[in-house]
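As stored in work.pdb (PDB, N, CA and C atoms):
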ATOM      1  N   MET A   1      -2.463  -9.469  43.681  1.00  0.00           N
ATOM      2  CA  MET A   1      -1.353  -9.948  42.865  1.00  0.00           C
ATOM      3  C   MET A   1      -1.456  -9.320  41.481  1.00  0.00           C
ATOM      4  N   ALA A   2      -0.486  -8.558  41.122  1.00  0.00           N
ATOM      5  CA  ALA A   2      -0.469  -7.898  39.817  1.00  0.00           C
ATOM      6  C   ALA A   2       0.302  -8.759  38.818  1.00  0.00           C
ATOM      7  N   PHE A   3      -0.232  -8.837  37.622  1.00  0.00           N
ATOM      8  CA  PHE A   3       0.445  -9.580  36.571  1.00  0.00           C
ATOM      9  C   PHE A   3       1.327  -8.636  35.779  1.00  0.00           C
ATOM     10  N   ASN A   4       2.475  -9.133  35.379  1.00  0.00           N
ATOM     11  CA  ASN A   4       3.323  -8.334  34.501  1.00  0.00           C
ATOM     12  C   ASN A   4       3.034  -8.723  33.052  1.00  0.00           C
ATOM     13  N   ALA A   5       3.648  -8.033  32.120  1.00  0.00           N
ATOM     14  CA  ALA A   5       3.372  -8.245  30.702  1.00  0.00           C
ATOM     15  C   ALA A   5       3.713  -9.664  30.263  1.00  0.00           C
ATOM     16  N   ILE A   6       4.789 -10.218  30.787  1.00  0.00           N
ATOM     17  CA  ILE A   6       5.179 -11.577  30.403  1.00  0.00           C
ATOM     18  C   ILE A   6       4.100 -12.573  30.805  1.00  0.00           C
ATOM     19  N   SER A   7       3.612 -12.458  32.024  1.00  0.00           N
ATOM     20  CA  SER A   7       2.566 -13.369  32.502  1.00  0.00           C
ATOM     21  C   SER A   7       1.283 -13.228  31.695  1.00  0.00           C
ATOM     22  N   LEU A   8       0.900 -11.998  31.401  1.00  0.00           N
ATOM     23  CA  LEU A   8      -0.323 -11.775  30.627  1.00  0.00           C
ATOM     24  C   LEU A   8      -0.221 -12.365  29.234  1.00  0.00           C
ATOM     25  N   TRP A   9       0.886 -12.119  28.543  1.00  0.00           N
ATOM     26  CA  TRP A   9       1.059 -12.676  27.204  1.00  0.00           C
ATOM     27  C   TRP A   9       1.069 -14.198  27.251  1.00  0.00           C
ATOM     28  N   PHE A  10       1.730 -14.767  28.263  1.00  0.00           N
ATOM     29  CA  PHE A  10       1.777 -16.228  28.363  1.00  0.00           C
ATOM     30  C   PHE A  10       0.383 -16.808  28.586  1.00  0.00           C
ATOM     31  N   ILE A  11      -0.376 -16.213  29.480  1.00  0.00           N
ATOM     32  CA  ILE A  11      -1.737 -16.706  29.765  1.00  0.00           C
ATOM     33  C   ILE A  11      -2.635 -16.549  28.543  1.00  0.00           C
ATOM     34  N   VAL A  12      -2.545 -15.417  27.862  1.00  0.00           N
ATOM     35  CA  VAL A  12      -3.335 -15.217  26.644  1.00  0.00           C
ATOM     36  C   VAL A  12      -2.968 -16.283  25.612  1.00  0.00           C
ATOM     37  N   GLY A  13      -1.694 -16.555  25.462  1.00  0.00           N
ATOM     38  CA  GLY A  13      -1.249 -17.588  24.530  1.00  0.00           C
ATOM     39  C   GLY A  13      -1.777 -18.958  24.896  1.00  0.00           C
ATOM     40  N   LEU A  14      -1.729 -19.290  26.169  1.00  0.00           N
ATOM     41  CA  LEU A  14      -2.226 -20.585  26.621  1.00  0.00           C
ATOM     42  C   LEU A  14      -3.717 -20.731  26.356  1.00  0.00           C
ATOM     43  N   VAL A  15      -4.478 -19.703  26.653  1.00  0.00           N
ATOM     44  CA  VAL A  15      -5.925 -19.734  26.414  1.00  0.00           C
ATOM     45  C   VAL A  15      -6.213 -19.909  24.924  1.00  0.00           C
ATOM     46  N   LEU A  16      -5.504 -19.182  24.085  1.00  0.00           N
ATOM     47  CA  LEU A  16      -5.733 -19.279  22.646  1.00  0.00           C
ATOM     48  C   LEU A  16      -5.381 -20.661  22.099  1.00  0.00           C
ATOM     49  N   VAL A  17      -4.274 -21.218  22.553  1.00  0.00           N
ATOM     50  CA  VAL A  17      -3.893 -22.555  22.098  1.00  0.00           C
ATOM     51  C   VAL A  17      -4.919 -23.589  22.561  1.00  0.00           C
ATOM     52  N   LEU A  18      -5.382 -23.489  23.792  1.00  0.00           N
ATOM     53  CA  LEU A  18      -6.388 -24.432  24.279  1.00  0.00           C
ATOM     54  C   LEU A  18      -7.725 -24.263  23.569  1.00  0.00           C
ATOM     55  N   LEU A  19      -8.075 -23.030  23.217  1.00  0.00           N
ATOM     56  CA  LEU A  19      -9.317 -22.787  22.479  1.00  0.00           C
ATOM     57  C   LEU A  19      -9.286 -23.402  21.088  1.00  0.00           C
ATOM     58  N   GLU A  20      -8.105 -23.616  20.550  1.00  0.00           N
ATOM     59  CA  GLU A  20      -7.990 -24.231  19.223  1.00  0.00           C
ATOM     60  C   GLU A  20      -8.633 -25.619  19.204  1.00  0.00           C
ATOM     61  N   PHE A  21      -8.620 -26.304  20.335  1.00  0.00           N
ATOM     62  CA  PHE A  21      -9.218 -27.632  20.398  1.00  0.00           C
ATOM     63  C   PHE A  21     -10.743 -27.568  20.408  1.00  0.00           C
ATOM     64  N   VAL A  22     -11.291 -26.424  20.712  1.00  0.00           N
ATOM     65  CA  VAL A  22     -12.740 -26.242  20.747  1.00  0.00           C
ATOM     66  C   VAL A  22     -13.240 -25.613  19.444  1.00  0.00           C
ATOM     67  N   VAL A  23     -12.494 -24.664  18.925  1.00  0.00           N
ATOM     68  CA  VAL A  23     -12.887 -23.927  17.723  1.00  0.00           C
ATOM     69  C   VAL A  23     -11.969 -24.374  16.581  1.00  0.00           C
ATOM     70  N   PRO A  24     -12.473 -25.143  15.641  1.00  0.00           N
ATOM     71  CA  PRO A  24     -11.604 -25.622  14.563  1.00  0.00           C
ATOM     72  C   PRO A  24     -11.228 -24.498  13.602  1.00  0.00           C
ATOM     73  N   GLY A  25     -10.186 -24.723  12.857  1.00  0.00           N
ATOM     74  CA  GLY A  25      -9.768 -23.747  11.858  1.00  0.00           C
ATOM     75  C   GLY A  25      -8.267 -23.543  11.832  1.00  0.00           C
ATOM     76  N   VAL A  26      -7.573 -23.977  12.849  1.00  0.00           N
ATOM     77  CA  VAL A  26      -6.117 -23.861  12.959  1.00  0.00           C
ATOM     78  C   VAL A  26      -5.670 -22.411  12.755  1.00  0.00           C
ATOM     79  N   ILE A  27      -6.314 -21.527  13.466  1.00  0.00           N
ATOM     80  CA  ILE A  27      -5.921 -20.117  13.450  1.00  0.00           C
ATOM     81  C   ILE A  27      -5.529 -19.677  14.855  1.00  0.00           C
ATOM     82  N   LEU A  28      -6.323 -20.074  15.835  1.00  0.00           N
ATOM     83  CA  LEU A  28      -6.069 -19.631  17.208  1.00  0.00           C
ATOM     84  C   LEU A  28      -4.726 -20.118  17.736  1.00  0.00           C
ATOM     85  N   VAL A  29      -4.279 -21.283  17.284  1.00  0.00           N
ATOM     86  CA  VAL A  29      -2.997 -21.793  17.755  1.00  0.00           C
ATOM     87  C   VAL A  29      -1.865 -20.850  17.348  1.00  0.00           C
ATOM     88  N   PHE A  30      -1.955 -20.266  16.155  1.00  0.00           N
ATOM     89  CA  PHE A  30      -0.913 -19.339  15.722  1.00  0.00           C
ATOM     90  C   PHE A  30      -0.993 -18.009  16.458  1.00  0.00           C
ATOM     91  N   LEU A  31      -2.192 -17.600  16.821  1.00  0.00           N
ATOM     92  CA  LEU A  31      -2.320 -16.407  17.659  1.00  0.00           C
ATOM     93  C   LEU A  31      -1.731 -16.681  19.041  1.00  0.00           C
ATOM     94  N   GLY A  32      -1.951 -17.884  19.556  1.00  0.00           N
ATOM     95  CA  GLY A  32      -1.371 -18.261  20.849  1.00  0.00           C
ATOM     96  C   GLY A  32       0.139 -18.284  20.810  1.00  0.00           C
ATOM     97  N   ILE A  33       0.682 -18.850  19.743  1.00  0.00           N
ATOM     98  CA  ILE A  33       2.139 -18.868  19.593  1.00  0.00           C
ATOM     99  C   ILE A  33       2.663 -17.442  19.455  1.00  0.00           C
ATOM    100  N   GLY A  34       1.925 -16.604  18.749  1.00  0.00           N
ATOM    101  CA  GLY A  34       2.316 -15.199  18.633  1.00  0.00           C
ATOM    102  C   GLY A  34       2.352 -14.506  19.990  1.00  0.00           C
ATOM    103  N   ALA A  35       1.392 -14.837  20.856  1.00  0.00           N
ATOM    104  CA  ALA A  35       1.387 -14.271  22.206  1.00  0.00           C
ATOM    105  C   ALA A  35       2.601 -14.747  22.990  1.00  0.00           C
ATOM    106  N   TRP A  36       2.988 -16.010  22.799  1.00  0.00           N
ATOM    107  CA  TRP A  36       4.176 -16.526  23.480  1.00  0.00           C
ATOM    108  C   TRP A  36       5.445 -15.865  22.947  1.00  0.00           C
ATOM    109  N   VAL A  37       5.477 -15.569  21.654  1.00  0.00           N
ATOM    110  CA  VAL A  37       6.619 -14.850  21.088  1.00  0.00           C
ATOM    111  C   VAL A  37       6.695 -13.447  21.697  1.00  0.00           C
ATOM    112  N   ALA A  38       5.549 -12.809  21.861  1.00  0.00           N
ATOM    113  CA  ALA A  38       5.527 -11.488  22.491  1.00  0.00           C
ATOM    114  C   ALA A  38       6.028 -11.574  23.933  1.00  0.00           C
ATOM    115  N   ALA A  39       5.629 -12.610  24.655  1.00  0.00           N
ATOM    116  CA  ALA A  39       6.112 -12.809  26.030  1.00  0.00           C
ATOM    117  C   ALA A  39       7.623 -12.990  26.046  1.00  0.00           C
ATOM    118  N   LEU A  40       8.137 -13.757  25.093  1.00  0.00           N
ATOM    119  CA  LEU A  40       9.579 -13.972  25.008  1.00  0.00           C
ATOM    120  C   LEU A  40      10.303 -12.664  24.683  1.00  0.00           C
ATOM    121  N   ALA A  41       9.734 -11.882  23.767  1.00  0.00           N
ATOM    122  CA  ALA A  41      10.339 -10.596  23.413  1.00  0.00           C
ATOM    123  C   ALA A  41      10.390  -9.664  24.621  1.00  0.00           C
ATOM    124  N   VAL A  42       9.331  -9.656  25.414  1.00  0.00           N
ATOM    125  CA  VAL A  42       9.323  -8.827  26.633  1.00  0.00           C
ATOM    126  C   VAL A  42      10.381  -9.321  27.608  1.00  0.00           C
ATOM    127  N   SER A  43      10.466 -10.638  27.778  1.00  0.00           N
ATOM    128  CA  SER A  43      11.424 -11.179  28.750  1.00  0.00           C
ATOM    129  C   SER A  43      12.868 -10.933  28.331  1.00  0.00           C
ATOM    130  N   LEU A  44      13.110 -10.840  27.017  1.00  0.00           N
ATOM    131  CA  LEU A  44      14.464 -10.569  26.531  1.00  0.00           C
ATOM    132  C   LEU A  44      14.760  -9.079  26.427  1.00  0.00           C
ATOM    133  N   GLY A  45      13.780  -8.246  26.760  1.00  0.00           N
ATOM    134  CA  GLY A  45      13.976  -6.800  26.707  1.00  0.00           C
ATOM    135  C   GLY A  45      13.847  -6.214  25.317  1.00  0.00           C
ATOM    136  N   LEU A  46      13.248  -6.953  24.397  1.00  0.00           N
ATOM    137  CA  LEU A  46      13.102  -6.482  23.017  1.00  0.00           C
ATOM    138  C   LEU A  46      11.808  -5.711  22.795  1.00  0.00           C
ATOM    139  N   ALA A  47      10.898  -5.765  23.764  1.00  0.00           N
ATOM    140  CA  ALA A  47       9.597  -5.103  23.609  1.00  0.00           C
ATOM    141  C   ALA A  47       9.209  -4.464  24.940  1.00  0.00           C
ATOM    142  N   ASP A  48       9.509  -3.192  25.076  1.00  0.00           N
ATOM    143  CA  ASP A  48       9.217  -2.496  26.326  1.00  0.00           C
ATOM    144  C   ASP A  48       7.832  -1.859  26.337  1.00  0.00           C
ATOM    145  N   THR A  49       7.376  -1.399  25.189  1.00  0.00           N
ATOM    146  CA  THR A  49       6.089  -0.707  25.129  1.00  0.00           C
ATOM    147  C   THR A  49       5.007  -1.633  24.587  1.00  0.00           C
ATOM    148  N   LEU A  50       3.765  -1.269  24.827  1.00  0.00           N
ATOM    149  CA  LEU A  50       2.649  -2.062  24.333  1.00  0.00           C
ATOM    150  C   LEU A  50       2.661  -2.122  22.806  1.00  0.00           C
ATOM    151  N   GLY A  51       3.052  -1.047  22.172  1.00  0.00           N
ATOM    152  CA  GLY A  51       3.120  -1.013  20.717  1.00  0.00           C
ATOM    153  C   GLY A  51       4.103  -2.031  20.151  1.00  0.00           C
ATOM    154  N   THR A  52       5.287  -2.116  20.742  1.00  0.00           N
ATOM    155  CA  THR A  52       6.261  -3.100  20.256  1.00  0.00           C
ATOM    156  C   THR A  52       5.827  -4.520  20.597  1.00  0.00           C
ATOM    157  N   GLN A  53       5.166  -4.695  21.724  1.00  0.00           N
ATOM    158  CA  GLN A  53       4.642  -6.021  22.063  1.00  0.00           C
ATOM    159  C   GLN A  53       3.588  -6.458  21.050  1.00  0.00           C
ATOM    160  N   MET A  54       2.697  -5.542  20.682  1.00  0.00           N
ATOM    161  CA  MET A  54       1.670  -5.846  19.684  1.00  0.00           C
ATOM    162  C   MET A  54       2.303  -6.123  18.318  1.00  0.00           C
ATOM    163  N   ALA A  55       3.385  -5.421  18.007  1.00  0.00           N
ATOM    164  CA  ALA A  55       4.076  -5.658  16.737  1.00  0.00           C
ATOM    165  C   ALA A  55       4.670  -7.061  16.709  1.00  0.00           C
ATOM    166  N   TRP A  56       5.305  -7.476  17.798  1.00  0.00           N
ATOM    167  CA  TRP A  56       5.833  -8.841  17.890  1.00  0.00           C
ATOM    168  C   TRP A  56       4.707  -9.863  17.767  1.00  0.00           C
ATOM    169  N   PHE A  57       3.621  -9.619  18.473  1.00  0.00           N
ATOM    170  CA  PHE A  57       2.468 -10.517  18.427  1.00  0.00           C
ATOM    171  C   PHE A  57       1.909 -10.614  17.012  1.00  0.00           C
ATOM    172  N   GLY A  58       1.665  -9.473  16.398  1.00  0.00           N
ATOM    173  CA  GLY A  58       1.080  -9.462  15.058  1.00  0.00           C
ATOM    174  C   GLY A  58       1.984 -10.081  14.008  1.00  0.00           C
ATOM    175  N   ALA A  59       3.253  -9.711  14.022  1.00  0.00           N
ATOM    176  CA  ALA A  59       4.189 -10.216  13.015  1.00  0.00           C
ATOM    177  C   ALA A  59       4.394 -11.724  13.143  1.00  0.00           C
ATOM    178  N   SER A  60       4.562 -12.206  14.354  1.00  0.00           N
ATOM    179  CA  SER A  60       4.799 -13.641  14.529  1.00  0.00           C
ATOM    180  C   SER A  60       3.536 -14.454  14.264  1.00  0.00           C
ATOM    181  N   SER A  61       2.379 -13.930  14.623  1.00  0.00           N
ATOM    182  CA  SER A  61       1.126 -14.623  14.338  1.00  0.00           C
ATOM    183  C   SER A  61       0.892 -14.715  12.834  1.00  0.00           C
ATOM    184  N   LEU A  62       1.095 -13.606  12.146  1.00  0.00           N
ATOM    185  CA  LEU A  62       0.895 -13.571  10.700  1.00  0.00           C
ATOM    186  C   LEU A  62       1.896 -14.477   9.980  1.00  0.00           C
ATOM    187  N   ALA A  63       3.142 -14.447  10.420  1.00  0.00           N
ATOM    188  CA  ALA A  63       4.159 -15.303   9.803  1.00  0.00           C
ATOM    189  C   ALA A  63       3.799 -16.779   9.985  1.00  0.00           C
ATOM    190  N   GLY A  64       3.361 -17.148  11.177  1.00  0.00           N
ATOM    191  CA  GLY A  64       2.966 -18.530  11.411  1.00  0.00           C
ATOM    192  C   GLY A  64       1.778 -18.939  10.562  1.00  0.00           C
ATOM    193  N   LEU A  65       0.793 -18.060  10.482  1.00  0.00           N
ATOM    194  CA  LEU A  65      -0.385 -18.353   9.665  1.00  0.00           C
ATOM    195  C   LEU A  65      -0.010 -18.548   8.207  1.00  0.00           C
ATOM    196  N   LEU A  66       0.810 -17.667   7.681  1.00  0.00           N
ATOM    197  CA  LEU A  66       1.150 -17.730   6.262  1.00  0.00           C
ATOM    198  C   LEU A  66       2.117 -18.863   5.930  1.00  0.00           C
ATOM    199  N   LEU A  67       3.041 -19.149   6.820  1.00  0.00           N
ATOM    200  CA  LEU A  67       4.091 -20.114   6.511  1.00  0.00           C
ATOM    201  C   LEU A  67       3.817 -21.536   6.990  1.00  0.00           C
ATOM    202  N   LEU A  68       3.068 -21.691   8.076  1.00  0.00           N
ATOM    203  CA  LEU A  68       2.952 -23.021   8.686  1.00  0.00           C
ATOM    204  C   LEU A  68       1.535 -23.578   8.771  1.00  0.00           C
ATOM    205  N   ARG A  69       0.537 -22.819   8.399  1.00  0.00           N
ATOM    206  CA  ARG A  69      -0.850 -23.250   8.610  1.00  0.00           C
ATOM    207  C   ARG A  69      -1.170 -24.543   7.878  1.00  0.00           C
ATOM    208  N   ARG A  70      -0.722 -24.676   6.654  1.00  0.00           N
ATOM    209  CA  ARG A  70      -1.016 -25.900   5.896  1.00  0.00           C
ATOM    210  C   ARG A  70      -0.463 -27.140   6.591  1.00  0.00           C
ATOM    211  N   LEU A  71       0.751 -27.041   7.084  1.00  0.00           N
ATOM    212  CA  LEU A  71       1.381 -28.167   7.779  1.00  0.00           C
ATOM    213  C   LEU A  71       0.615 -28.517   9.054  1.00  0.00           C
ATOM    214  N   PHE A  72       0.318 -27.521   9.863  1.00  0.00           N
ATOM    215  CA  PHE A  72      -0.359 -27.755  11.140  1.00  0.00           C
ATOM    216  C   PHE A  72      -1.814 -28.161  10.967  1.00  0.00           C
ATOM    217  N   LYS A  73      -2.427 -27.737   9.890  1.00  0.00           N
ATOM    218  CA  LYS A  73      -3.838 -28.057   9.672  1.00  0.00           C
ATOM    219  C   LYS A  73      -4.035 -29.570   9.609  1.00  0.00           C
ATOM    220  N   GLY A  74      -3.143 -30.270   8.970  1.00  0.00           N
ATOM    221  CA  GLY A  74      -3.213 -31.727   8.920  1.00  0.00           C
ATOM    222  C   GLY A  74      -3.075 -32.362  10.287  1.00  0.00           C
ATOM    223  N   TRP A  75      -2.233 -31.801  11.123  1.00  0.00           N
ATOM    224  CA  TRP A  75      -2.038 -32.347  12.461  1.00  0.00           C
ATOM    225  C   TRP A  75      -3.278 -32.152  13.327  1.00  0.00           C
ATOM    226  N   PHE A  76      -3.875 -30.982  13.257  1.00  0.00           N
ATOM    227  CA  PHE A  76      -5.005 -30.678  14.124  1.00  0.00           C
ATOM    228  C   PHE A  76      -6.313 -31.280  13.628  1.00  0.00           C
ATOM    229  N   GLU A  77      -6.507 -31.321  12.324  1.00  0.00           N
ATOM    230  CA  GLU A  77      -7.765 -31.814  11.787  1.00  0.00           C
ATOM    231  C   GLU A  77      -7.691 -33.276  11.386  1.00  0.00           C
ATOM    232  N   GLY A  78      -6.508 -33.840  11.338  1.00  0.00           N
ATOM    233  CA  GLY A  78      -6.343 -35.229  10.942  1.00  0.00           C
ATOM    234  C   GLY A  78      -6.137 -35.324   9.440  1.00  0.00           C
ATOM    235  N   PHE A  79      -5.365 -36.288   9.073  1.00  0.00           N
ATOM    236  CA  PHE A  79      -5.107 -36.512   7.662  1.00  0.00           C
ATOM    237  C   PHE A  79      -6.162 -37.462   7.124  1.00  0.00           C
ATOM    238  N   SER A  80      -6.620 -37.218   5.939  1.00  0.00           N
ATOM    239  CA  SER A  80      -7.604 -38.109   5.328  1.00  0.00           C
ATOM    240  C   SER A  80      -7.139 -38.492   3.940  1.00  0.00           C
ATOM    241  N   SER A  81      -7.413 -39.725   3.604  1.00  0.00           N
ATOM    242  CA  SER A  81      -7.068 -40.177   2.256  1.00  0.00           C
ATOM    243  C   SER A  81      -8.346 -40.377   1.483  1.00  0.00           C
ATOM    244  N   GLN A  82      -8.378 -39.797   0.331  1.00  0.00           N
ATOM    245  CA  GLN A  82      -9.551 -39.926  -0.522  1.00  0.00           C
ATOM    246  C   GLN A  82      -9.150 -40.771  -1.717  1.00  0.00           C
ATOM    247  N   GLY A  83      -9.895 -41.824  -1.932  1.00  0.00           N
ATOM    248  CA  GLY A  83      -9.468 -42.694  -3.016  1.00  0.00           C
ATOM    249  C   GLY A  83     -10.530 -43.265  -3.756  1.00  0.00           C
TER     250      GLY A  83
END
Represent the structure from my file as structure tokens, please.
Amino acid sequence: MAFNAISLWFIVGLVLVLLEFVVPGVILVFLGIGAWVAALAVSLGLADTLGTQMAWFGASSLAGLLLLRRLFKGWFEGFSSQG
């Protein structure tokens, strides 16, 4: 059974998101989401080559890290009140 690019990106994304629960830091979840974005880009015909797939993966992962990490960090690590 051969995997296509969509399946590979989806599986890589799933593994990365699940690893986030083992390795703290709220970074792997954004890499996983980036892999899912790459899978979506392939399925929509927006990324035919490995280079464009990697560009989708890198850009979406970086955007998530820079724009959403603070918000998600509270969800994954728990909110704490210091008083």
Self-check item: Between atom CA of Ala63 of chain A and atom C of Val26 of chain A - distance in Å to one decimal
Solution: 12.5 Å
Quiz item: atom C of Ile33 of chain A to atom C of Ala5 of chain A: how many Å, to one decimal?
Solution: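 Going from atom C of Ile33 of chain A over to atom C of Ala5 of chain A, I get 13.4 Å.
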Practice problem: Might you pull out every residue within 8 Å of segment 45-57 of chain A, with all atoms listed in the file counted and same-chain residues fewer than 2 positions away left off, and present them as a ChimeraX atom specification? | Solution: /A:30-31,33-43,59-63
Kindly export the residues of the current selection with N, CA and C atoms, as an mmCIF file, in the coordinates of the input.
data_model
loop_
_atom_site.group_PDB
_atom_site.id
_atom_site.type_symbol
_atom_site.label_atom_id
_atom_site.label_comp_id
_atom_site.auth_asym_id
_atom_site.auth_seq_id
_atom_site.Cartn_x
_atom_site.Cartn_y
_atom_site.Cartn_z
ATOM 1 N N PHE A 30 -1.955 -20.266 16.155
ATOM 2 C CA PHE A 30 -0.913 -19.339 15.722
ATOM 3 C C PHE A 30 -0.993 -18.009 16.458
ATOM 4 N N LEU A 31 -2.192 -17.600 16.821
ATOM 5 C CA LEU A 31 -2.320 -16.407 17.659
ATOM 6 C C LEU A 31 -1.731 -16.681 19.041
ATOM 7 N N ILE A 33 0.682 -18.850 19.743
ATOM 8 C CA ILE A 33 2.139 -18.868 19.593
ATOM 9 C C ILE A 33 2.663 -17.442 19.455
ATOM 10 N N GLY A 34 1.925 -16.604 18.749
ATOM 11 C CA GLY A 34 2.316 -15.199 18.633
ATOM 12 C C GLY A 34 2.352 -14.506 19.990
ATOM 13 N N ALA A 35 1.392 -14.837 20.856
ATOM 14 C CA ALA A 35 1.387 -14.271 22.206
ATOM 15 C C ALA A 35 2.601 -14.747 22.990
ATOM 16 N N TRP A 36 2.988 -16.010 22.799
ATOM 17 C CA TRP A 36 4.176 -16.526 23.480
ATOM 18 C C TRP A 36 5.445 -15.865 22.947
ATOM 19 N N VAL A 37 5.477 -15.569 21.654
ATOM 20 C CA VAL A 37 6.619 -14.850 21.088
ATOM 21 C C VAL A 37 6.695 -13.447 21.697
ATOM 22 N N ALA A 38 5.549 -12.809 21.861
ATOM 23 C CA ALA A 38 5.527 -11.488 22.491
ATOM 24 C C ALA A 38 6.028 -11.574 23.933
ATOM 25 N N ALA A 39 5.629 -12.610 24.655
ATOM 26 C CA ALA A 39 6.112 -12.809 26.030
ATOM 27 C C ALA A 39 7.623 -12.990 26.046
ATOM 28 N N LEU A 40 8.137 -13.757 25.093
ATOM 29 C CA LEU A 40 9.579 -13.972 25.008
ATOM 30 C C LEU A 40 10.303 -12.664 24.683
ATOM 31 N N ALA A 41 9.734 -11.882 23.767
ATOM 32 C CA ALA A 41 10.339 -10.596 23.413
ATOM 33 C C ALA A 41 10.390 -9.664 24.621
ATOM 34 N N VAL A 42 9.331 -9.656 25.414
ATOM 35 C CA VAL A 42 9.323 -8.827 26.633
ATOM 36 C C VAL A 42 10.381 -9.321 27.608
ATOM 37 N N SER A 43 10.466 -10.638 27.778
ATOM 38 C CA SER A 43 11.424 -11.179 28.750
ATOM 39 C C SER A 43 12.868 -10.933 28.331
ATOM 40 N N ALA A 59 3.253 -9.711 14.022
ATOM 41 C CA ALA A 59 4.189 -10.216 13.015
ATOM 42 C C ALA A 59 4.394 -11.724 13.143
ATOM 43 N N SER A 60 4.562 -12.206 14.354
ATOM 44 C CA SER A 60 4.799 -13.641 14.529
ATOM 45 C C SER A 60 3.536 -14.454 14.264
ATOM 46 N N SER A 61 2.379 -13.930 14.623
ATOM 47 C CA SER A 61 1.126 -14.623 14.338
ATOM 48 C C SER A 61 0.892 -14.715 12.834
ATOM 49 N N LEU A 62 1.095 -13.606 12.146
ATOM 50 C CA LEU A 62 0.895 -13.571 10.700
ATOM 51 C C LEU A 62 1.896 -14.477 9.980
ATOM 52 N N ALA A 63 3.142 -14.447 10.420
ATOM 53 C CA ALA A 63 4.159 -15.303 9.803
ATOM 54 C C ALA A 63 3.799 -16.779 9.985
#
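Residues in contact with Ile27 of chain A at 9 Å, where only C-alpha atoms are counted and same-chain residues fewer than 6 positions away are skipped, are listed as A:Glu20, A:Ser61, A:Leu65, A:Arg69.
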Practice problem: Work out how far atom N of Leu28 of chain A is from atom N of Leu16 of chain A, in Å to one decimal. | Solution: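 Result for atom N of Leu16 of chain A versus atom N of Leu28 of chain A: 8.3 Å, one decimal.
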Which centre and edge lengths in Å to one decimal define the box along x, y and z that fits every listed atom of segment 16-34 of chain A plus 4 Å per side, as JSON?
{"center_x": -5.3, "center_y": -21.1, "center_z": 18.1, "size_x": 23.9, "size_y": 21.1, "size_z": 20.4}
Self-check item: Filtered DSSP result for chain A, state alpha helix (DSSP H), as number ranges by chain
Solution: A: 5-19, 28-43, 50-77
Start from the incomplete input, build N, CA, C and O atoms for segment 23-34 of chain A, and deliver everything as a tab-separated table (two decimals), keeping the file's coordinate frame.
chain	number	residue	atom	x	y	z
A	23	VAL	N	-12.49	-24.66	18.92
A	23	VAL	CA	-12.89	-23.93	17.72
A	23	VAL	C	-11.97	-24.37	16.58
A	23	VAL	O	-10.80	-24.02	16.57
A	24	PRO	N	-12.47	-25.14	15.64
A	24	PRO	CA	-11.60	-25.62	14.56
A	24	PRO	C	-11.23	-24.50	13.60
A	24	PRO	O	-11.88	-23.46	13.55
A	25	GLY	N	-10.19	-24.72	12.86
A	25	GLY	CA	-9.77	-23.75	11.86
A	25	GLY	C	-8.27	-23.54	11.83
A	25	GLY	O	-7.73	-22.96	10.90
A	26	VAL	N	-7.57	-23.98	12.85
A	26	VAL	CA	-6.12	-23.86	12.96
A	26	VAL	C	-5.67	-22.41	12.76
A	26	VAL	O	-4.81	-22.10	11.95
A	27	ILE	N	-6.31	-21.53	13.47
A	27	ILE	CA	-5.92	-20.12	13.45
A	27	ILE	C	-5.53	-19.68	14.86
A	27	ILE	O	-4.50	-19.03	15.05
A	28	LEU	N	-6.32	-20.07	15.84
A	28	LEU	CA	-6.07	-19.63	17.21
A	28	LEU	C	-4.73	-20.12	17.74
A	28	LEU	O	-4.09	-19.44	18.54
A	29	VAL	N	-4.28	-21.28	17.28
A	29	VAL	CA	-3.00	-21.79	17.76
A	29	VAL	C	-1.86	-20.85	17.35
A	29	VAL	O	-0.93	-20.62	18.12
A	30	PHE	N	-1.96	-20.27	16.16
A	30	PHE	CA	-0.91	-19.34	15.72
A	30	PHE	C	-0.99	-18.01	16.46
A	30	PHE	O	0.03	-17.37	16.71
A	31	LEU	N	-2.19	-17.60	16.82
A	31	LEU	CA	-2.32	-16.41	17.66
A	31	LEU	C	-1.73	-16.68	19.04
A	31	LEU	O	-1.10	-15.80	19.64
A	32	GLY	N	-1.95	-17.88	19.56
A	32	GLY	CA	-1.37	-18.26	20.85
A	32	GLY	C	0.14	-18.28	20.81
A	32	GLY	O	0.82	-17.79	21.72
A	33	ILE	N	0.68	-18.85	19.74
A	33	ILE	CA	2.14	-18.87	19.59
A	33	ILE	C	2.66	-17.44	19.45
A	33	ILE	O	3.72	-17.10	20.01
A	34	GLY	N	1.92	-16.60	18.75
A	34	GLY	CA	2.32	-15.20	18.63
A	34	GLY	C	2.35	-14.51	19.99
A	34	GLY	O	3.24	-13.69	20.26
